[in-house]
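Shown next: my_file.cif, given as mmCIF, C-alpha atoms.
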```cif
data_work
loop_
_atom_site.label_atom_id
_atom_site.label_comp_id
_atom_site.auth_asym_id
_atom_site.auth_seq_id
_atom_site.Cartn_x
_atom_site.Cartn_y
_atom_site.Cartn_z
CA GLY A 1 41.35 29.23 171.88
CA ILE A 2 40.56 32.86 172.14
CA GLN A 3 40.72 34.47 175.58
CA VAL A 4 38.13 37.04 176.62
CA GLU A 5 38.79 38.98 179.80
CA GLN A 6 36.37 41.40 181.38
CA SER A 7 37.04 43.98 184.04
CA PRO A 8 36.18 44.78 186.68
CA PRO A 9 34.60 41.49 187.83
CA ASP A 10 32.37 43.33 190.31
CA LEU A 11 31.19 46.92 190.51
CA ILE A 12 28.94 48.62 193.05
CA LEU A 13 27.70 52.12 192.28
CA GLN A 14 25.13 54.60 193.49
CA GLU A 15 22.20 55.48 191.29
CA GLY A 16 23.15 58.27 188.90
CA ALA A 17 26.80 57.32 188.60
CA ASN A 18 28.60 56.58 185.33
CA SER A 19 30.62 53.43 184.65
CA THR A 20 32.96 51.90 182.10
CA LEU A 21 33.21 48.16 181.58
CA ARG A 22 36.11 46.72 179.63
CA CYS A 23 36.53 43.63 177.45
CA ASN A 24 39.96 42.51 176.22
CA PHE A 25 40.34 39.72 173.68
CA SER A 26 43.40 37.84 172.57
CA ASP A 27 42.91 37.55 168.80
CA SER A 28 41.27 39.21 165.82
CA VAL A 29 37.50 38.91 165.91
CA ASN A 30 34.71 39.29 163.40
CA ASN A 31 31.89 39.44 165.92
CA LEU A 32 31.67 41.15 169.27
CA GLN A 33 28.52 41.53 171.28
CA TRP A 34 27.62 42.94 174.66
CA PHE A 35 24.81 41.33 176.65
CA HIS A 36 23.05 42.21 179.88
CA GLN A 37 21.83 39.34 182.04
CA ASN A 38 19.15 40.71 184.30
CA PRO A 39 18.41 39.39 187.80
CA TRP A 40 15.79 37.05 186.31
CA GLY A 41 18.44 35.40 184.15
CA GLN A 42 17.40 36.75 180.77
CA LEU A 43 20.23 37.52 178.31
CA ILE A 44 19.48 40.73 176.51
CA ASN A 45 21.38 42.00 173.49
CA LEU A 46 22.88 45.41 174.06
CA PHE A 47 25.22 45.91 171.13
CA TYR A 48 26.54 44.06 168.13
CA ILE A 49 29.80 45.95 167.69
CA PRO A 50 32.79 44.25 166.00
CA SER A 51 34.25 47.72 165.44
CA GLY A 52 33.41 51.38 165.88
CA THR A 53 31.07 53.14 168.28
CA LYS A 54 27.34 52.80 168.90
CA GLN A 55 24.94 54.48 171.29
CA ASN A 56 21.55 53.47 172.58
CA GLY A 57 20.10 55.86 175.13
CA ARG A 58 22.25 55.89 178.25
CA LEU A 59 24.43 53.08 176.96
CA SER A 60 27.21 53.28 174.43
CA ALA A 61 29.98 50.96 173.27
CA THR A 62 33.26 51.30 171.48
CA THR A 63 35.36 48.53 169.97
CA VAL A 64 38.95 49.15 168.87
CA ALA A 65 39.56 45.95 166.95
CA THR A 66 43.20 46.73 166.13
CA GLU A 67 43.97 47.04 169.85
CA ARG A 68 41.71 44.13 170.82
CA TYR A 69 39.40 45.74 173.32
CA SER A 70 35.88 46.98 173.70
CA LEU A 71 34.33 49.34 176.23
CA LEU A 72 30.75 49.58 177.44
CA TYR A 73 29.70 52.89 178.96
CA ILE A 74 26.69 53.28 181.20
CA SER A 75 25.70 56.81 182.11
CA SER A 76 23.31 57.99 184.82
CA SER A 77 22.94 54.47 186.20
CA GLN A 78 19.55 53.22 187.33
CA THR A 79 18.74 50.29 189.61
CA THR A 80 17.37 48.44 186.60
CA ASP A 81 20.90 48.42 185.14
CA SER A 82 21.93 45.91 187.80
CA GLY A 83 22.93 42.48 186.61
CA VAL A 84 25.82 40.85 184.80
CA TYR A 85 27.29 42.31 181.62
CA PHE A 86 28.91 39.88 179.22
CA CYS A 87 31.20 40.46 176.30
CA ALA A 88 31.29 37.69 173.67
CA VAL A 89 33.37 37.28 170.51
CA THR A 90 33.99 34.99 167.56
CA LEU A 91 37.41 34.53 166.02
CA ARG A 92 37.97 36.05 162.58
CA SER A 93 40.26 33.19 161.61
CA GLY A 94 37.79 30.54 162.72
CA GLY A 95 34.95 31.94 160.65
CA GLY A 96 32.73 31.62 163.67
CA ALA A 97 32.88 27.85 163.65
CA ASP A 98 33.01 27.77 167.42
CA GLY A 99 30.17 30.15 168.07
CA LEU A 100 30.57 33.00 170.51
CA THR A 101 33.15 32.78 173.28
CA PHE A 102 32.02 34.59 176.42
CA GLY A 103 33.96 36.46 179.03
CA LYS A 104 33.10 35.78 182.66
CA GLY A 105 31.18 38.98 182.99
CA THR A 106 31.06 42.11 185.13
CA HIS A 107 28.58 41.93 188.01
CA LEU A 108 27.09 45.40 188.41
CA ILE A 109 25.02 46.46 191.39
CA ILE A 110 23.33 49.86 191.35
CA GLN A 111 22.23 50.98 194.79
CA PRO A 112 19.36 53.47 195.22
CA ASP B 1 6.79 38.83 166.64
CA ALA B 2 9.44 36.29 165.82
CA GLU B 3 11.03 34.74 168.85
CA ILE B 4 13.01 31.88 170.33
CA THR B 5 11.39 29.76 173.02
CA GLN B 6 12.69 27.03 175.31
CA SER B 7 10.83 24.33 177.19
CA PRO B 8 10.59 23.27 179.87
CA ARG B 9 11.76 26.34 181.77
CA HIS B 10 12.40 24.28 184.87
CA LYS B 11 12.96 20.55 185.23
CA ILE B 12 14.07 18.22 187.99
CA THR B 13 15.18 14.74 187.04
CA GLU B 14 17.12 11.81 188.45
CA THR B 15 20.57 10.56 187.60
CA GLY B 16 20.56 8.21 184.64
CA ARG B 17 17.34 9.41 183.05
CA GLN B 18 17.15 10.75 179.52
CA VAL B 19 16.16 14.41 179.27
CA THR B 20 15.33 16.52 176.24
CA LEU B 21 15.25 20.30 176.26
CA ALA B 22 13.37 21.90 173.40
CA CYS B 23 14.34 25.03 171.48
CA HIS B 24 12.10 26.57 168.83
CA GLN B 25 12.74 29.75 166.85
CA THR B 26 10.44 31.52 164.42
CA TRP B 27 13.03 33.76 162.77
CA ASN B 28 13.96 31.14 160.17
CA HIS B 29 17.60 31.41 161.27
CA ASN B 30 19.93 28.75 159.92
CA ASN B 31 22.34 28.90 162.86
CA MET B 32 21.37 27.63 166.30
CA PHE B 33 23.41 27.05 169.44
CA TRP B 34 23.12 25.50 172.89
CA TYR B 35 25.06 26.94 175.84
CA ARG B 36 25.22 26.04 179.50
CA GLN B 37 25.81 28.59 182.23
CA ASP B 38 27.49 27.70 185.50
CA LEU B 39 28.90 29.81 188.30
CA GLY B 40 32.58 30.36 187.76
CA HIS B 41 32.49 29.23 184.13
CA GLY B 42 30.24 31.72 182.41
CA LEU B 43 28.51 30.48 179.26
CA ARG B 44 30.04 27.55 177.42
CA LEU B 45 29.08 26.16 174.04
CA ILE B 46 27.66 22.62 173.99
CA HIS B 47 26.53 22.01 170.39
CA TYR B 48 25.62 24.07 167.38
CA SER B 49 24.04 23.69 163.96
CA TYR B 50 24.41 25.67 160.74
CA GLY B 51 21.38 24.16 159.05
CA VAL B 52 19.11 21.17 158.66
CA HIS B 53 20.92 17.88 159.31
CA ASP B 54 24.10 19.77 160.34
CA THR B 55 25.36 19.40 163.94
CA ASN B 56 28.72 20.22 165.52
CA LYS B 57 30.33 19.72 168.91
CA GLY B 58 31.24 22.65 171.06
CA GLU B 59 33.53 23.04 174.04
CA VAL B 60 31.54 20.86 176.46
CA SER B 61 29.66 18.35 174.29
CA ASP B 62 30.28 15.11 176.24
CA GLY B 63 27.02 13.61 177.47
CA TYR B 64 24.86 15.74 175.14
CA SER B 65 23.46 15.31 171.64
CA VAL B 66 21.41 17.42 169.24
CA SER B 67 19.50 16.80 166.05
CA ARG B 68 18.27 19.24 163.39
CA SER B 69 15.39 17.90 161.34
CA ASN B 70 13.99 21.31 160.42
CA THR B 71 15.05 24.97 160.52
CA GLU B 72 12.96 25.92 163.55
CA ASP B 73 14.01 23.35 166.16
CA LEU B 74 17.22 22.20 167.85
CA PRO B 75 16.41 19.85 170.74
CA LEU B 76 19.19 19.08 173.23
CA THR B 77 19.24 15.56 174.69
CA LEU B 78 21.04 14.35 177.78
CA GLU B 79 21.26 10.61 177.16
CA SER B 80 21.91 9.68 180.79
CA ALA B 81 21.68 12.69 183.07
CA ALA B 82 24.47 13.25 185.60
CA SER B 83 24.60 15.60 188.60
CA SER B 84 27.38 17.51 186.81
CA GLN B 85 24.82 18.48 184.19
CA THR B 86 22.78 20.49 186.68
CA SER B 87 22.90 23.90 185.05
CA VAL B 88 21.00 26.60 183.24
CA TYR B 89 20.78 25.91 179.51
CA PHE B 90 20.38 28.61 176.90
CA CYS B 91 19.45 28.19 173.27
CA ALA B 92 20.41 30.89 170.76
CA SER B 93 20.14 31.62 167.07
CA THR B 94 21.60 33.98 164.48
CA PRO B 95 20.98 34.48 160.78
CA GLN B 96 24.66 34.75 159.89
CA GLN B 97 27.34 32.12 160.38
CA GLY B 98 30.33 33.48 162.27
CA ALA B 99 28.98 36.99 162.48
CA GLY B 100 25.73 38.75 163.10
CA GLU B 101 23.75 39.28 166.21
CA LEU B 102 23.00 36.31 168.47
CA PHE B 103 19.59 36.07 170.14
CA PHE B 104 18.93 33.97 173.23
CA GLY B 105 15.96 32.11 174.61
CA GLU B 106 14.92 32.57 178.23
CA GLY B 107 16.83 29.56 179.51
CA SER B 108 15.96 26.17 181.00
CA ARG B 109 17.01 25.38 184.54
CA LEU B 110 17.81 21.67 184.93
CA THR B 111 18.44 19.97 188.23
CA VAL B 112 19.75 16.40 188.27
CA LEU B 113 19.35 14.66 191.63
#
```

Take the structure in the file and write it out as structure tokens.
Amino acid sequence: GIQVEQSPPDLILQEGANSTLRCNFSDSVNNLQWFHQNPWGQLINLFYIPSGTKQNGRLSATTVATERYSLLYISSSQTTDSGVYFCAVTLRSGGGADGLTFGKGTHLIIQP
Amino acid sequence: DAEITQSPRHKITETGRQVTLACHQTWNHNNMFWYRQDLGHGLRLIHYSYGVHDTNKGEVSDGYSVSRSNTEDLPLTLESAASSQTSVYFCASTPQQGAGELFFGEGSRLTVL
């Protein structure tokens, strides 16, 4: 099956810092999403981004489908950005029959 | 507002008992999914459904079953709960098969003693 690798696995930053989270995937995809799991366990949609670039406030994401990676940028980090960030994909060839495959996440801690 | 809700949010049960976790969505999405989340494994797909009376096995389906009698609900049943099924379970839905944004419920934490 498709492999989804996220880096770094852990990241500790001071409030106000910027960060880049990376997601590499092993095959062509027709769906890629970024999620934030907050400390209470809720999974929150950040971006649906199978290709291109999107921005939402301090967060932005870029997916380069031909090179099989996606990047999530967080600028001017706040303590509320802490949590785990997941990348998830579905295979283009599979037509999504297997649902989303998740990476293992990047655990981000923003210190005040 | 349309939403997806799970119940119960927390449950403790004993080995061998049958347990059902409920998932209800009001978006009228055809596609619904159940995932489990465990430390070291991330989220893994258990079962999914693309419409009424359709069910499919995911990566970790052994010991679980689902049924889809209407668009809104996809209950997950553990026929005989095992300690290895202690986990956090998430239900999700999306309007588009294979693509489109996936929306998650708040999760159900199950402990099997």

Item to check | Neighbours of chain B in chain A at 12 Å, counting all atoms listed in the file, as a PyMOL selection string | outcome: chain A and resi 1+4-6+9+29-38+40-50+84-107

Could those selected residues go to a file with C-alpha atoms, as a PDB file, in the coordinates of the input?
```
ATOM      1  CA  GLY A   1      41.350  29.230 171.880  1.00  0.00           C
ATOM      2  CA  VAL A   4      38.130  37.040 176.620  1.00  0.00           C
ATOM      3  CA  GLU A   5      38.790  38.980 179.800  1.00  0.00           C
ATOM      4  CA  GLN A   6      36.370  41.400 181.380  1.00  0.00           C
ATOM      5  CA  PRO A   9      34.600  41.490 187.830  1.00  0.00           C
ATOM      6  CA  VAL A  29      37.500  38.910 165.910  1.00  0.00           C
ATOM      7  CA  ASN A  30      34.710  39.290 163.400  1.00  0.00           C
ATOM      8  CA  ASN A  31      31.890  39.440 165.920  1.00  0.00           C
ATOM      9  CA  LEU A  32      31.670  41.150 169.270  1.00  0.00           C
ATOM     10  CA  GLN A  33      28.520  41.530 171.280  1.00  0.00           C
ATOM     11  CA  TRP A  34      27.620  42.940 174.660  1.00  0.00           C
ATOM     12  CA  PHE A  35      24.810  41.330 176.650  1.00  0.00           C
ATOM     13  CA  HIS A  36      23.050  42.210 179.880  1.00  0.00           C
ATOM     14  CA  GLN A  37      21.830  39.340 182.040  1.00  0.00           C
ATOM     15  CA  ASN A  38      19.150  40.710 184.300  1.00  0.00           C
ATOM     16  CA  TRP A  40      15.790  37.050 186.310  1.00  0.00           C
ATOM     17  CA  GLY A  41      18.440  35.400 184.150  1.00  0.00           C
ATOM     18  CA  GLN A  42      17.400  36.750 180.770  1.00  0.00           C
ATOM     19  CA  LEU A  43      20.230  37.520 178.310  1.00  0.00           C
ATOM     20  CA  ILE A  44      19.480  40.730 176.510  1.00  0.00           C
ATOM     21  CA  ASN A  45      21.380  42.000 173.490  1.00  0.00           C
ATOM     22  CA  LEU A  46      22.880  45.410 174.060  1.00  0.00           C
ATOM     23  CA  PHE A  47      25.220  45.910 171.130  1.00  0.00           C
ATOM     24  CA  TYR A  48      26.540  44.060 168.130  1.00  0.00           C
ATOM     25  CA  ILE A  49      29.800  45.950 167.690  1.00  0.00           C
ATOM     26  CA  PRO A  50      32.790  44.250 166.000  1.00  0.00           C
ATOM     27  CA  VAL A  84      25.820  40.850 184.800  1.00  0.00           C
ATOM     28  CA  TYR A  85      27.290  42.310 181.620  1.00  0.00           C
ATOM     29  CA  PHE A  86      28.910  39.880 179.220  1.00  0.00           C
ATOM     30  CA  CYS A  87      31.200  40.460 176.300  1.00  0.00           C
ATOM     31  CA  ALA A  88      31.290  37.690 173.670  1.00  0.00           C
ATOM     32  CA  VAL A  89      33.370  37.280 170.510  1.00  0.00           C
ATOM     33  CA  THR A  90      33.990  34.990 167.560  1.00  0.00           C
ATOM     34  CA  LEU A  91      37.410  34.530 166.020  1.00  0.00           C
ATOM     35  CA  ARG A  92      37.970  36.050 162.580  1.00  0.00           C
ATOM     36  CA  SER A  93      40.260  33.190 161.610  1.00  0.00           C
ATOM     37  CA  GLY A  94      37.790  30.540 162.720  1.00  0.00           C
ATOM     38  CA  GLY A  95      34.950  31.940 160.650  1.00  0.00           C
ATOM     39  CA  GLY A  96      32.730  31.620 163.670  1.00  0.00           C
ATOM     40  CA  ALA A  97      32.880  27.850 163.650  1.00  0.00           C
ATOM     41  CA  ASP A  98      33.010  27.770 167.420  1.00  0.00           C
ATOM     42  CA  GLY A  99      30.170  30.150 168.070  1.00  0.00           C
ATOM     43  CA  LEU A 100      30.570  33.000 170.510  1.00  0.00           C
ATOM     44  CA  THR A 101      33.150  32.780 173.280  1.00  0.00           C
ATOM     45  CA  PHE A 102      32.020  34.590 176.420  1.00  0.00           C
ATOM     46  CA  GLY A 103      33.960  36.460 179.030  1.00  0.00           C
ATOM     47  CA  LYS A 104      33.100  35.780 182.660  1.00  0.00           C
ATOM     48  CA  GLY A 105      31.180  38.980 182.990  1.00  0.00           C
ATOM     49  CA  THR A 106      31.060  42.110 185.130  1.00  0.00           C
ATOM     50  CA  HIS A 107      28.580  41.930 188.010  1.00  0.00           C
TER      51      HIS A 107
END
```

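Here atom CA of Gln37 of chain B stands at a distance of 9.7 Å from atom CA of Thr86 of chain B.
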
Selection: 8 Å around Lys11 of chain B, only C-alpha atoms, excl. self and same-chain fewer than 3 positions, as a CSV table (one decimal) with C-alpha atoms, in the coordinates of the input:
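Output saved as part00.csv:
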```csv
chain,number,residue,atom,x,y,z
B,8,PRO,CA,10.6,23.3,179.9
B,108,SER,CA,16.0,26.2,181.0
B,109,ARG,CA,17.0,25.4,184.5
B,110,LEU,CA,17.8,21.7,184.9
B,111,THR,CA,18.4,20.0,188.2
```

Item to check | Result set, the PyMOL selection byres ((chain A and resi 76) around 6) on current file, as a count of residues only | outcome: 5

Next on the checklist: Selection in question (the file shown): the PyMOL selection byres ((chain A and resi 64-73) around 8). Which residues does it include, as a list in words?
Outcome noted: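 Selection result, ordered by chain and number: Asn18, Ser19, Thr20, Leu21, Arg22, Cys23, Asn24, Phe25, Ser26, Asp27, Ser28, Val29, Trp34, Pro50, Ser51, Gly52, Leu59, Ser60, Ala61, Thr62, Thr63, Ile74 and Ser75 of chain A.
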
I'd like the box whose edges run along x, y and z of the file and which contains every listed atom of segment 103-111 of chain B, padded by 5 Å per side; could you state its centre and edge lengths in Å, one decimal, as JSON?
```
{"center_x": 17.3, "center_y": 28.0, "center_z": 179.2, "size_x": 14.7, "size_y": 26.1, "size_z": 28.1}
```

Next on the checklist: Applying the PyMOL selection byres ((chain B and resi 63) around 10) to the file I just gave you, which residues come out? Please list them as a list in words.
Outcome noted: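 With the PyMOL selection byres ((chain B and resi 63) around 10) on this model, the match is Ile46, Val60, Ser61, Asp62, Tyr64, Ser65, Thr77, Leu78, Glu79, Ser80, Ala81, Ala82 and Gln85 of chain B.
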
Would you export the selected residues with C-alpha atoms as a compact mmCIF listing (two decimals), in the coordinates of the input, please?
```
# COMPACT_ATOMS: atom_id res chain seq x y z
CA ILE B 46 27.66 22.62 173.99
CA VAL B 60 31.54 20.86 176.46
CA SER B 61 29.66 18.35 174.29
CA ASP B 62 30.28 15.11 176.24
CA TYR B 64 24.86 15.74 175.14
CA SER B 65 23.46 15.31 171.64
CA THR B 77 19.24 15.56 174.69
CA LEU B 78 21.04 14.35 177.78
CA GLU B 79 21.26 10.61 177.16
CA SER B 80 21.91 9.68 180.79
CA ALA B 81 21.68 12.69 183.07
CA ALA B 82 24.47 13.25 185.60
CA GLN B 85 24.82 18.48 184.19
```

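Atom CA of Asp54 of chain B is found 15.7 Å from atom CA of Cys23 of chain B.
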